[in-house]
Every structure is written in structure tokens, then in C-alpha cells.
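**Student:** File structure_21.txt follows (compact mmCIF, C-alpha atoms):
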```txt
# COMPACT_ATOMS: atom_id res chain seq x y z
CA MET A 1048 -5.61 176.70 90.63
CA LEU A 1049 -2.72 179.07 91.19
CA LEU A 1050 -2.44 182.57 89.75
CA HIS A 1051 1.09 183.49 88.67
CA THR A 1052 1.63 187.21 88.15
CA VAL A 1053 4.75 188.22 86.23
CA SER A 1054 5.94 191.83 86.13
CA GLN A 1055 9.48 191.74 84.71
CA SER A 1056 10.39 192.24 81.06
CA PRO A 1057 11.17 188.83 79.47
CA HIS A 1058 14.49 190.29 78.31
CA ALA A 1059 15.50 191.72 81.68
CA GLY A 1060 15.67 188.64 83.84
CA SER A 1061 14.53 185.13 84.61
CA ALA A 1062 11.11 185.84 86.19
CA LEU A 1063 9.06 184.62 83.24
CA ASN A 1064 11.19 181.53 82.66
CA SER A 1065 11.03 180.59 86.33
CA CYS A 1066 7.29 181.13 86.30
CA LEU A 1067 6.95 178.81 83.32
CA ARG A 1068 9.00 176.15 85.08
CA ALA A 1069 6.79 176.41 88.14
CA ALA A 1070 3.39 176.75 86.48
CA SER A 1071 1.19 173.73 85.87
CA ARG A 1072 -1.44 173.31 83.14
CA ASP A 1073 -4.08 174.35 85.65
CA SER A 1074 -2.32 177.60 86.46
CA CYS A 1075 -3.26 181.02 85.19
CA ILE A 1076 -0.50 183.45 84.23
CA LEU A 1077 -1.20 187.18 84.34
CA LEU A 1078 1.30 189.50 82.64
CA LEU A 1079 1.70 192.85 84.39
CA GLU A 1080 3.90 195.93 83.95
CA ASP A 1081 6.97 195.16 81.76
CA ALA A 1082 5.98 191.49 81.46
CA VAL A 1083 3.28 192.49 78.95
CA TYR A 1084 6.08 192.74 76.37
CA ALA A 1085 6.05 188.93 76.47
CA ALA A 1086 2.60 189.01 74.87
CA CYS A 1087 3.91 190.35 71.54
CA VAL A 1088 3.53 188.11 68.50
CA GLY A 1089 6.76 186.56 67.30
CA SER A 1090 8.78 186.92 70.48
CA THR A 1091 10.54 183.95 72.07
CA ALA A 1092 8.71 184.71 75.29
CA ALA A 1093 5.31 184.50 73.60
CA ALA A 1094 6.26 181.15 72.09
CA ALA A 1095 7.24 179.85 75.52
CA LEU A 1096 3.94 181.07 76.99
CA LEU A 1097 1.96 179.33 74.23
CA ALA A 1098 3.92 176.12 74.73
CA SER A 1099 3.04 176.10 78.44
CA ASP A 1100 -0.67 175.30 77.91
CA CYS A 1101 -1.49 177.68 80.77
CA ARG A 1102 -4.25 180.23 80.42
CA VAL A 1103 -2.46 183.54 79.86
CA PHE A 1104 -3.81 187.02 80.56
CA ALA A 1105 -2.37 190.52 80.16
CA LEU A 1106 -3.41 193.71 81.92
CA GLN A 1107 -5.02 196.25 79.61
CA ALA A 1108 -3.64 199.38 81.31
CA ASP A 1109 -0.05 198.13 80.99
CA LEU A 1110 -0.53 197.16 77.32
CA LYS A 1111 -2.05 200.54 76.55
CA ALA A 1112 0.69 202.53 78.28
CA ARG A 1113 3.39 200.70 76.36
CA GLY A 1114 1.74 201.00 72.94
CA ILE A 1115 1.14 197.29 72.49
CA SER A 1116 -1.85 197.26 70.14
CA SER A 1117 -4.26 194.35 69.68
CA THR A 1118 -2.58 193.53 66.36
CA MET A 1119 0.72 192.97 68.16
CA LEU A 1120 -0.86 190.62 70.72
CA VAL A 1121 -0.78 186.85 70.58
CA ASP A 1122 -4.40 185.75 69.87
CA SER A 1123 -4.71 183.27 72.69
CA ILE A 1124 -3.72 185.79 75.36
CA SER A 1125 -6.79 187.35 77.00
CA VAL A 1126 -6.77 191.03 77.89
CA VAL A 1127 -8.17 191.85 81.33
CA ASP A 1128 -8.85 195.14 83.09
CA TYR A 1129 -8.40 195.79 86.81
CA SER A 1130 -11.71 194.13 87.70
CA GLY A 1131 -10.60 191.11 85.67
CA PHE A 1132 -7.40 191.07 87.74
CA VAL A 1133 -9.49 191.04 90.92
CA GLN A 1134 -11.71 188.27 89.54
CA LEU A 1135 -8.66 186.13 88.69
CA SER A 1136 -7.30 186.64 92.21
CA VAL A 1137 -10.63 185.48 93.62
CA ASP A 1138 -10.99 182.50 91.27
CA CYS A 1139 -7.51 181.19 92.04
CA HIS A 1140 -6.78 179.76 95.47
CA ALA A 1141 -3.44 181.54 95.81
CA VAL A 1142 -1.22 184.04 94.02
CA GLN A 1143 2.49 183.73 93.28
CA SER A 1144 4.21 186.96 92.15
CA TRP A 1145 7.27 186.82 89.91
CA TYR A 1146 9.00 190.19 89.84
CA MET B 1080 28.49 223.92 68.34
CA THR B 1081 31.82 225.37 69.44
CA GLU B 1082 35.22 223.84 68.73
CA THR B 1083 35.49 222.75 72.34
CA ALA B 1084 32.18 220.87 72.37
CA ARG B 1085 32.64 217.27 73.31
CA THR B 1086 30.50 214.56 71.81
CA LEU B 1087 28.22 212.68 74.16
CA LEU B 1088 26.40 209.42 73.60
CA VAL B 1089 23.39 208.67 75.80
CA VAL B 1090 22.53 204.97 75.80
CA PHE B 1091 19.09 203.69 76.83
CA ARG B 1092 18.82 199.98 77.61
CA HIS B 1093 15.74 199.79 79.83
CA THR B 1094 11.96 199.83 79.43
CA PRO B 1095 10.08 203.15 79.63
CA TYR B 1096 7.72 202.56 82.57
CA SER B 1097 9.65 200.70 85.25
CA GLY B 1098 11.27 203.08 87.66
CA SER B 1099 12.75 206.50 86.97
CA LEU B 1100 15.73 205.51 84.81
CA CYS B 1101 14.10 206.41 81.53
CA LYS B 1102 12.97 209.85 82.68
CA ALA B 1103 16.36 210.58 84.27
CA GLY B 1104 18.05 209.75 80.98
CA HIS B 1105 15.71 211.97 78.98
CA ASP B 1106 16.31 214.83 81.43
CA LEU B 1107 20.07 214.44 81.19
CA ALA B 1108 20.03 214.36 77.39
CA LEU B 1109 17.82 217.45 77.15
CA ALA B 1110 19.84 219.34 79.78
CA ALA B 1111 23.09 218.56 77.98
CA ALA B 1112 21.54 219.58 74.66
CA ALA B 1113 20.41 222.88 76.21
CA PHE B 1114 24.11 223.58 76.87
CA GLU B 1115 24.79 223.00 73.18
CA GLN B 1116 26.66 219.79 73.63
CA ALA B 1117 26.71 217.41 70.68
CA ILE B 1118 24.37 214.63 71.80
CA SER B 1119 23.54 211.35 70.17
CA VAL B 1120 21.06 208.84 71.52
CA LEU B 1121 21.35 205.07 71.17
CA LEU B 1122 18.49 202.75 72.06
CA MET B 1123 19.28 199.09 72.55
CA ASP B 1124 17.99 196.04 74.41
CA ASP B 1125 14.71 196.90 76.21
CA GLY B 1126 15.40 200.59 75.49
CA VAL B 1127 13.96 200.17 71.99
CA TRP B 1128 10.45 199.92 73.54
CA GLN B 1129 10.74 203.62 74.46
CA LEU B 1130 10.07 204.57 70.84
CA LEU B 1131 7.18 202.17 70.14
CA ARG B 1132 4.28 204.00 68.49
CA GLY B 1133 0.92 204.33 70.20
CA GLN B 1134 2.05 204.63 73.82
CA ASP B 1135 -0.30 206.24 76.33
CA GLY B 1136 1.16 206.48 79.81
CA THR B 1137 -2.00 208.02 81.22
CA SER B 1138 -3.48 204.54 81.71
CA ILE B 1139 -0.89 203.92 84.43
CA ASP B 1140 -0.50 207.56 85.56
CA ALA B 1141 2.86 207.95 83.85
CA LYS B 1142 4.30 210.39 81.33
CA THR B 1143 4.31 208.94 77.83
CA SER B 1144 7.96 208.21 77.06
CA SER B 1145 7.71 208.43 73.28
CA ARG B 1146 6.22 211.91 73.61
CA SER B 1147 9.19 213.07 75.65
CA LEU B 1148 11.57 211.65 73.02
CA ALA B 1149 9.57 213.41 70.31
CA ALA B 1150 10.78 216.72 71.78
CA PHE B 1151 14.44 215.80 71.22
CA PRO B 1152 14.65 217.24 67.66
CA LEU B 1153 13.73 220.66 69.13
CA TYR B 1154 16.97 220.41 71.10
CA GLY B 1155 19.04 219.50 68.09
CA ILE B 1156 18.95 215.75 68.65
CA ASP B 1157 17.72 214.89 65.19
CA ALA B 1158 18.03 211.13 65.02
CA PHE B 1159 17.78 208.14 67.28
CA PHE B 1160 20.27 205.37 66.70
CA VAL B 1161 18.63 202.00 67.22
CA ASP B 1162 20.31 198.63 67.57
CA ALA B 1163 18.83 196.45 64.83
CA GLN B 1164 19.62 193.22 66.68
CA SER B 1165 17.51 194.37 69.66
CA LEU B 1166 14.57 195.01 67.31
CA ARG B 1167 14.88 191.56 65.75
CA GLU B 1168 14.98 189.88 69.17
CA ARG B 1169 11.65 191.56 69.96
CA SER B 1170 10.04 190.93 66.56
CA LEU B 1171 9.86 194.68 65.99
CA SER B 1172 10.53 196.60 62.80
CA GLY B 1173 11.78 200.16 62.38
CA GLU B 1174 8.36 201.17 61.03
CA GLN B 1175 6.81 200.47 64.43
CA LEU B 1176 9.00 203.13 66.03
CA GLU B 1177 8.42 206.87 66.19
CA GLY B 1178 10.78 209.56 64.99
CA ASN B 1179 13.76 209.64 62.68
CA ILE B 1180 15.64 206.45 63.43
CA LYS B 1181 18.92 205.12 62.13
CA LEU B 1182 19.48 201.40 62.45
CA LEU B 1183 22.88 200.14 63.51
CA GLU B 1184 23.95 196.56 62.90
CA SER B 1185 26.01 194.69 65.50
CA GLU B 1186 29.21 195.03 63.50
CA GLN B 1187 28.80 198.84 63.44
CA LEU B 1188 28.08 199.16 67.14
CA ALA B 1189 31.62 199.04 68.54
CA VAL B 1190 33.02 201.63 66.13
CA PHE B 1191 29.98 203.84 66.70
CA MET B 1192 30.39 203.80 70.48
CA GLU B 1193 34.16 204.35 70.27
CA SER B 1194 33.59 207.53 68.26
CA PHE B 1195 32.24 209.53 71.22
CA ASP B 1196 34.19 211.50 73.81
CA GLN B 1197 31.78 210.53 76.56
CA VAL B 1198 29.21 207.81 77.03
CA ILE B 1199 26.51 207.60 79.68
CA SER B 1200 24.06 204.78 80.08
CA PHE B 1201 20.51 204.55 81.43
```
Would you encode the structure as C-alpha cells?
**Tutor:**
Amino acid sequence: MLLHTVSQSPHAGSALNSCLRAASRDSCILLLEDAVYAACVGSTAAAALLASDCRVFALQADLKARGISSTMLVDSISVVDYSGFVQLSVDCHAVQSWY
Amino acid sequence: MTETARTLLVVFRHTPYSGSLCKAGHDLALAAAAFEQAISVLLMDDGVWQLLRGQDGTSIDAKTSSRSLAAFPLYGIDAFFVDAQSLRERSLSGEQLEGNIKLLESEQLAVFMESFDQVISF
């Protein structure tokens, strides 16, 4: 199981799209920094994430800083804190960063 | 404003917490306003996130960008022009943004930008 971390805004470049091309069903995707904007309900990026069948996570601190409230979040995306980030890194055999 | 004042448009197109672009832009706008220049601010593309309500930069040791923009009216920058198309692309509505905003539709954008003496982009 691979952990894909994405840190670029879905509108700013191809990081998220490339991640989605490279991620398998078994992969976990963790949204960090500007990539947390992809977790907002109704966005094209969120739809693409949902369609991927991957387990998707978003980092709490980055959501909070940017004002993305729980009501704006796609339901199936799990919010993790820094210890959750560490746990994901441990649970997955390797990490691929998309930035 | 004096007769010689030139109009300046400051355009923000990037997210608030990646790098120093956002802060540099805010500093420039406020500095120019302190010299009584006629400043307007346009937020488009990822720049619209700068005004999203409920931001709290402390969770990532950053200054909260919306709070810095909230000081703009004190410097005579009363309204933020926001590109409506950029909001739609992000499933955002004007109500989710802070401050006095004026939405611009795509067909208004070109004329709006042409109306300024100077334009600077962040």
C-alpha cells in the first residue's frame, strides 16, 4: 500500500491529476497544504478523488488555516492530524510526494 | 486623492499560504494606499481563497490572510473585486467570502482591467 501525498492546489498544476493516474485502489491519498482545496464539496477535483476509489485523507491543520470547514468537506474524506499523518506513513510501505 | 494620482490595480491569483507572494502583495497594496494612491484589488483564480471566511493561520504558524485583507478598508481600499468565474470553478459563493466584495463577470473583466493606469500581479 502506497501513500501519495499531494501538496499543490488542484487549480495550480497537474500534481493531483498525475497522482490520480498513478494511484491504485489500494493506495491512500493524503491532501496537504494547498491540495486540501481539492477536498471541497462540488469541485471537479473532489469528484475526481471520489471516482478514484482510493482512501482519501486531508490534514486538519491545513484545512483549519485555510478556513475549510467540515460543512465544506466531502463526507468520504477523512480528516487526520499530525499523528494521523505519521500513522499513515507507517502503515504504508512507501510514500510518493506530489508537489 | 490629488489630480495626479494614478490608478493602480493589484491582482491576486495565488493561494494565501504557499510562499510569500500573498503577503508581498498585501504589503505593496497597503504601502501604495499609504501614499494615497487610488488602489483597487482584484482576486481571481486561486486568489479568491484569500477571502474565504473562517481562516486561522495559527494552525500552520502563518498570518491569517483574510485578517490582513480586512485592514484594507482602513487604507481606503473599500471593496474587493472578485472574478465570479473563479468562484464558480471552486464551488464557492460570494457569501462565503469576507468583506465588501463586488463580483465581476468574465465579459466585464477586460474593460475593468483596461481602466487602470497601472496593473501589478501577485
**Student:** Tell me which protein, DNA and RNA residues are within 9 Å of A:Met1048, counting only C-alpha atoms, leaving out same-chain ones fewer than 5 positions away, and put them as a VMD selection string.
**Tutor:** chain A and resid 1071 1073 to 1075 1138 to 1141
**Student:** Which distance in Å separates atom CA of B:Ala1108 and atom CA of A:Arg1113, to one decimal?
**Tutor:** 21.6 Å
**Student:** Which one of B:Leu1153, B:Leu1131, B:Ala1158, B:Leu1109 sits closest to chain A if you count all atoms listed in the file?
**Tutor:** B:Leu1131
**Student:** May I have a table of the residues of chain B lying at most 10 Å from chain A, giving each one's closest pair of atoms and their distance in Å to one decimal, counting only C-alpha atoms, ordered by chain and ascending residue number, as a Markdown table?
**Tutor:**
```
| residue | atom | partner | partner_atom | distance |
| --- | --- | --- | --- | --- |
| B:Arg1092 | CA | A:Ala1059 | CA | 9.8 |
| B:His1093 | CA | A:Ala1059 | CA | 8.3 |
| B:Thr1094 | CA | A:Asp1081 | CA | 7.2 |
| B:Pro1095 | CA | A:Arg1113 | CA | 7.8 |
| B:Tyr1096 | CA | A:Asp1081 | CA | 7.5 |
| B:Ser1097 | CA | A:Asp1081 | CA | 7.1 |
| B:Asp1124 | CA | A:His1058 | CA | 7.8 |
| B:Asp1125 | CA | A:His1058 | CA | 6.9 |
| B:Trp1128 | CA | A:Arg1113 | CA | 7.6 |
| B:Gln1129 | CA | A:Arg1113 | CA | 8.1 |
| B:Leu1130 | CA | A:Gly1114 | CA | 9.3 |
| B:Leu1131 | CA | A:Gly1114 | CA | 6.2 |
| B:Arg1132 | CA | A:Gly1114 | CA | 5.9 |
| B:Gly1133 | CA | A:Gly1114 | CA | 4.4 |
| B:Gln1134 | CA | A:Gly1114 | CA | 3.7 |
| B:Asp1135 | CA | A:Ala1112 | CA | 4.3 |
| B:Gly1136 | CA | A:Ala1112 | CA | 4.3 |
| B:Thr1137 | CA | A:Ala1112 | CA | 6.8 |
| B:Ser1138 | CA | A:Ala1108 | CA | 5.2 |
| B:Ile1139 | CA | A:Ala1108 | CA | 6.2 |
| B:Asp1140 | CA | A:Ala1112 | CA | 8.9 |
| B:Ala1141 | CA | A:Ala1112 | CA | 8.1 |
| B:Lys1142 | CA | A:Ala1112 | CA | 9.2 |
| B:Thr1143 | CA | A:Ala1112 | CA | 7.4 |
| B:Ser1144 | CA | A:Arg1113 | CA | 8.8 |
| B:Ser1145 | CA | A:Arg1113 | CA | 9.4 |
| B:Arg1167 | CA | A:Ser1090 | CA | 9.0 |
| B:Glu1168 | CA | A:Ser1090 | CA | 7.0 |
| B:Arg1169 | CA | A:Ser1090 | CA | 5.5 |
| B:Ser1170 | CA | A:Gly1089 | CA | 5.5 |
| B:Leu1171 | CA | A:Gly1089 | CA | 8.8 |
| B:Gln1175 | CA | A:Gly1114 | CA | 9.9 |
```
**Student:** Save the residues we just selected, C-alpha atoms, as a short mmCIF file (atom, residue, chain, number, x, y, z; two decimals), in the coordinates of the input?
**Tutor:**
```cif
data_model
loop_
_atom_site.label_atom_id
_atom_site.label_comp_id
_atom_site.auth_asym_id
_atom_site.auth_seq_id
_atom_site.Cartn_x
_atom_site.Cartn_y
_atom_site.Cartn_z
CA ARG B 1092 18.82 199.98 77.61
CA HIS B 1093 15.74 199.79 79.83
CA THR B 1094 11.96 199.83 79.43
CA PRO B 1095 10.08 203.15 79.63
CA TYR B 1096 7.72 202.56 82.57
CA SER B 1097 9.65 200.70 85.25
CA ASP B 1124 17.99 196.04 74.41
CA ASP B 1125 14.71 196.90 76.21
CA TRP B 1128 10.45 199.92 73.54
CA GLN B 1129 10.74 203.62 74.46
CA LEU B 1130 10.07 204.57 70.84
CA LEU B 1131 7.18 202.17 70.14
CA ARG B 1132 4.28 204.00 68.49
CA GLY B 1133 0.92 204.33 70.20
CA GLN B 1134 2.05 204.63 73.82
CA ASP B 1135 -0.30 206.24 76.33
CA GLY B 1136 1.16 206.48 79.81
CA THR B 1137 -2.00 208.02 81.22
CA SER B 1138 -3.48 204.54 81.71
CA ILE B 1139 -0.89 203.92 84.43
CA ASP B 1140 -0.50 207.56 85.56
CA ALA B 1141 2.86 207.95 83.85
CA LYS B 1142 4.30 210.39 81.33
CA THR B 1143 4.31 208.94 77.83
CA SER B 1144 7.96 208.21 77.06
CA SER B 1145 7.71 208.43 73.28
CA ARG B 1167 14.88 191.56 65.75
CA GLU B 1168 14.98 189.88 69.17
CA ARG B 1169 11.65 191.56 69.96
CA SER B 1170 10.04 190.93 66.56
CA LEU B 1171 9.86 194.68 65.99
CA GLN B 1175 6.81 200.47 64.43
#
```
**Student:** What's the separation between atom CA of B:Gly1178 and atom CA of B:Leu1122, in Å to one decimal place?
**Tutor:**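 Pair atom CA of B:Gly1178 / atom CA of B:Leu1122 returns 12.5 Å.
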**Student:** Can you sort out the box for stretch 1110-1116 of chain A, edges along x, y and z, all listed atoms in, 5 Å on every side, with centre and edge lengths in Å to one decimal, as lines of an AutoDock Vina configuration file?
**Tutor:**
```
center_x = 0.7
center_y = 199.8
center_z = 74.2
size_x = 15.4
size_y = 15.4
size_z = 18.1
```
**Student:** Provide the atom CA of B:Ala1084 to atom CA of B:Gly1126 distance in Å, to one decimal place.
**Tutor:** 26.5 Å
**Student:** What's the 9 Å shell around B:His1105, counting only C-alpha atoms, without same-chain residues fewer than 6 positions away, as a ChimeraX atom specification?
**Tutor:** /B:1089,1144,1147-1148,1151
**Student:** Between A:Val1142, A:Leu1120, A:Ala1082, A:Leu1096, which is the closest to A:Gly1060 once you count all atoms listed in the file?
**Tutor:**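 Among the listed residues, A:Ala1082 lies closest to A:Gly1060.
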**Student:** Name all residues at most 10 Å from stretch 1186-1191 of chain B (count all atoms listed in the file; drop same-chain ones fewer than 3 positions away) and give them as a PDB file with C-alpha atoms, keeping the file's coordinate frame.
**Tutor:**
```pdb
ATOM      1  CA  LEU B1088      26.400 209.420  73.600  1.00  0.00           C
ATOM      2  CA  LEU B1121      21.350 205.070  71.170  1.00  0.00           C
ATOM      3  CA  PHE B1160      20.270 205.370  66.700  1.00  0.00           C
ATOM      4  CA  VAL B1161      18.630 202.000  67.220  1.00  0.00           C
ATOM      5  CA  ASP B1162      20.310 198.630  67.570  1.00  0.00           C
ATOM      6  CA  ALA B1163      18.830 196.450  64.830  1.00  0.00           C
ATOM      7  CA  LEU B1182      19.480 201.400  62.450  1.00  0.00           C
ATOM      8  CA  LEU B1183      22.880 200.140  63.510  1.00  0.00           C
ATOM      9  CA  SER B1194      33.590 207.530  68.260  1.00  0.00           C
ATOM     10  CA  PHE B1195      32.240 209.530  71.220  1.00  0.00           C
TER      11      PHE B1195
END
```
**Student:** Could you check the closest approach to A:Ser1065 for each of A:Val1083, A:Ala1095, A:Leu1106, A:Leu1135 and tell me which residue wins, using only C-alpha atoms?
**Tutor:** A:Ala1095
**Student:** Could you add whatever atoms are missing so that stretch 1123-1158 of chain B carries N, CA and C atoms, then write the result as a tab-separated table (two decimals), keeping the file's coordinate frame?
**Tutor:**
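The result, stored in out_24.tsv:
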```tsv
chain	number	residue	atom	x	y	z
B	1123	MET	N	19.04	200.52	72.78
B	1123	MET	CA	19.28	199.09	72.55
B	1123	MET	C	18.65	198.27	73.66
B	1124	ASP	N	18.66	196.95	73.48
B	1124	ASP	CA	17.99	196.04	74.41
B	1124	ASP	C	16.55	196.52	74.67
B	1125	ASP	N	16.10	196.49	75.94
B	1125	ASP	CA	14.71	196.90	76.21
B	1125	ASP	C	14.48	198.40	75.99
B	1126	GLY	N	15.54	199.17	75.77
B	1126	GLY	CA	15.40	200.59	75.49
B	1126	GLY	C	14.64	200.88	74.21
B	1127	VAL	N	14.65	199.92	73.27
B	1127	VAL	CA	13.96	200.17	71.99
B	1127	VAL	C	12.45	200.34	72.19
B	1128	TRP	N	11.90	199.77	73.27
B	1128	TRP	CA	10.45	199.92	73.54
B	1128	TRP	C	10.08	201.38	73.79
B	1129	GLN	N	11.04	202.22	74.16
B	1129	GLN	CA	10.74	203.62	74.46
B	1129	GLN	C	10.18	204.36	73.25
B	1130	LEU	N	10.51	203.87	72.05
B	1130	LEU	CA	10.07	204.57	70.84
B	1130	LEU	C	8.86	203.91	70.18
B	1131	LEU	N	8.32	202.86	70.77
B	1131	LEU	CA	7.18	202.17	70.14
B	1131	LEU	C	6.02	203.15	69.95
B	1132	ARG	N	5.43	203.13	68.76
B	1132	ARG	CA	4.28	204.00	68.49
B	1132	ARG	C	3.08	203.64	69.36
B	1133	GLY	N	2.20	204.61	69.57
B	1133	GLY	CA	0.92	204.33	70.20
B	1133	GLY	C	0.93	204.24	71.71
B	1134	GLN	N	2.02	204.69	72.36
B	1134	GLN	CA	2.05	204.63	73.82
B	1134	GLN	C	1.10	205.66	74.43
B	1135	ASP	N	0.57	205.32	75.61
B	1135	ASP	CA	-0.30	206.24	76.33
B	1135	ASP	C	-0.13	206.01	77.83
B	1136	GLY	N	0.84	206.68	78.40
B	1136	GLY	CA	1.16	206.48	79.81
B	1136	GLY	C	0.05	206.83	80.78
B	1137	THR	N	-0.94	207.59	80.30
B	1137	THR	CA	-2.00	208.02	81.22
B	1137	THR	C	-2.72	206.82	81.86
B	1138	SER	N	-2.75	205.69	81.16
B	1138	SER	CA	-3.48	204.54	81.71
B	1138	SER	C	-2.81	203.99	82.97
B	1139	ILE	N	-1.54	204.33	83.18
B	1139	ILE	CA	-0.89	203.92	84.43
B	1139	ILE	C	-0.31	205.15	85.16
B	1140	ASP	N	-0.92	206.32	84.91
B	1140	ASP	CA	-0.50	207.56	85.56
B	1140	ASP	C	0.97	207.89	85.35
B	1141	ALA	N	1.46	207.65	84.14
B	1141	ALA	CA	2.86	207.95	83.85
B	1141	ALA	C	2.93	208.90	82.66
B	1142	LYS	N	4.08	209.57	82.52
B	1142	LYS	CA	4.30	210.39	81.33
B	1142	LYS	C	4.61	209.48	80.16
B	1143	THR	N	4.08	209.78	78.99
B	1143	THR	CA	4.31	208.94	77.83
B	1143	THR	C	5.73	209.15	77.31
B	1144	SER	N	6.53	208.07	77.34
B	1144	SER	CA	7.96	208.21	77.06
B	1144	SER	C	8.23	208.62	75.62
B	1145	SER	N	7.44	208.10	74.68
B	1145	SER	CA	7.71	208.43	73.28
B	1145	SER	C	7.45	209.91	73.01
B	1146	ARG	N	6.53	210.50	73.80
B	1146	ARG	CA	6.22	211.91	73.61
B	1146	ARG	C	7.40	212.77	74.07
B	1147	SER	N	8.03	212.35	75.16
B	1147	SER	CA	9.19	213.07	75.65
B	1147	SER	C	10.34	212.97	74.63
B	1148	LEU	N	10.51	211.80	74.04
B	1148	LEU	CA	11.57	211.65	73.02
B	1148	LEU	C	11.26	212.46	71.77
B	1149	ALA	N	9.96	212.66	71.50
B	1149	ALA	CA	9.57	213.41	70.31
B	1149	ALA	C	10.04	214.87	70.39
B	1150	ALA	N	10.32	215.34	71.62
B	1150	ALA	CA	10.78	216.72	71.78
B	1150	ALA	C	12.28	216.86	71.49
B	1151	PHE	N	12.99	215.75	71.40
B	1151	PHE	CA	14.44	215.80	71.22
B	1151	PHE	C	14.89	216.60	70.00
B	1152	PRO	N	14.21	216.47	68.83
B	1152	PRO	CA	14.65	217.24	67.66
B	1152	PRO	C	14.67	218.75	67.92
B	1153	LEU	N	13.76	219.23	68.81
B	1153	LEU	CA	13.73	220.66	69.13
B	1153	LEU	C	15.02	221.09	69.82
B	1154	TYR	N	15.72	220.12	70.41
B	1154	TYR	CA	16.97	220.41	71.10
B	1154	TYR	C	18.18	220.02	70.26
B	1155	GLY	N	17.93	219.80	69.00
B	1155	GLY	CA	19.04	219.50	68.09
B	1155	GLY	C	19.45	218.03	68.06
B	1156	ILE	N	18.68	217.19	68.74
B	1156	ILE	CA	18.95	215.75	68.65
B	1156	ILE	C	18.03	215.19	67.56
B	1157	ASP	N	18.56	215.11	66.35
B	1157	ASP	CA	17.72	214.89	65.19
B	1157	ASP	C	17.37	213.43	64.93
B	1158	ALA	N	18.26	212.54	65.35
B	1158	ALA	CA	18.03	211.13	65.02
B	1158	ALA	C	18.26	210.26	66.24
```
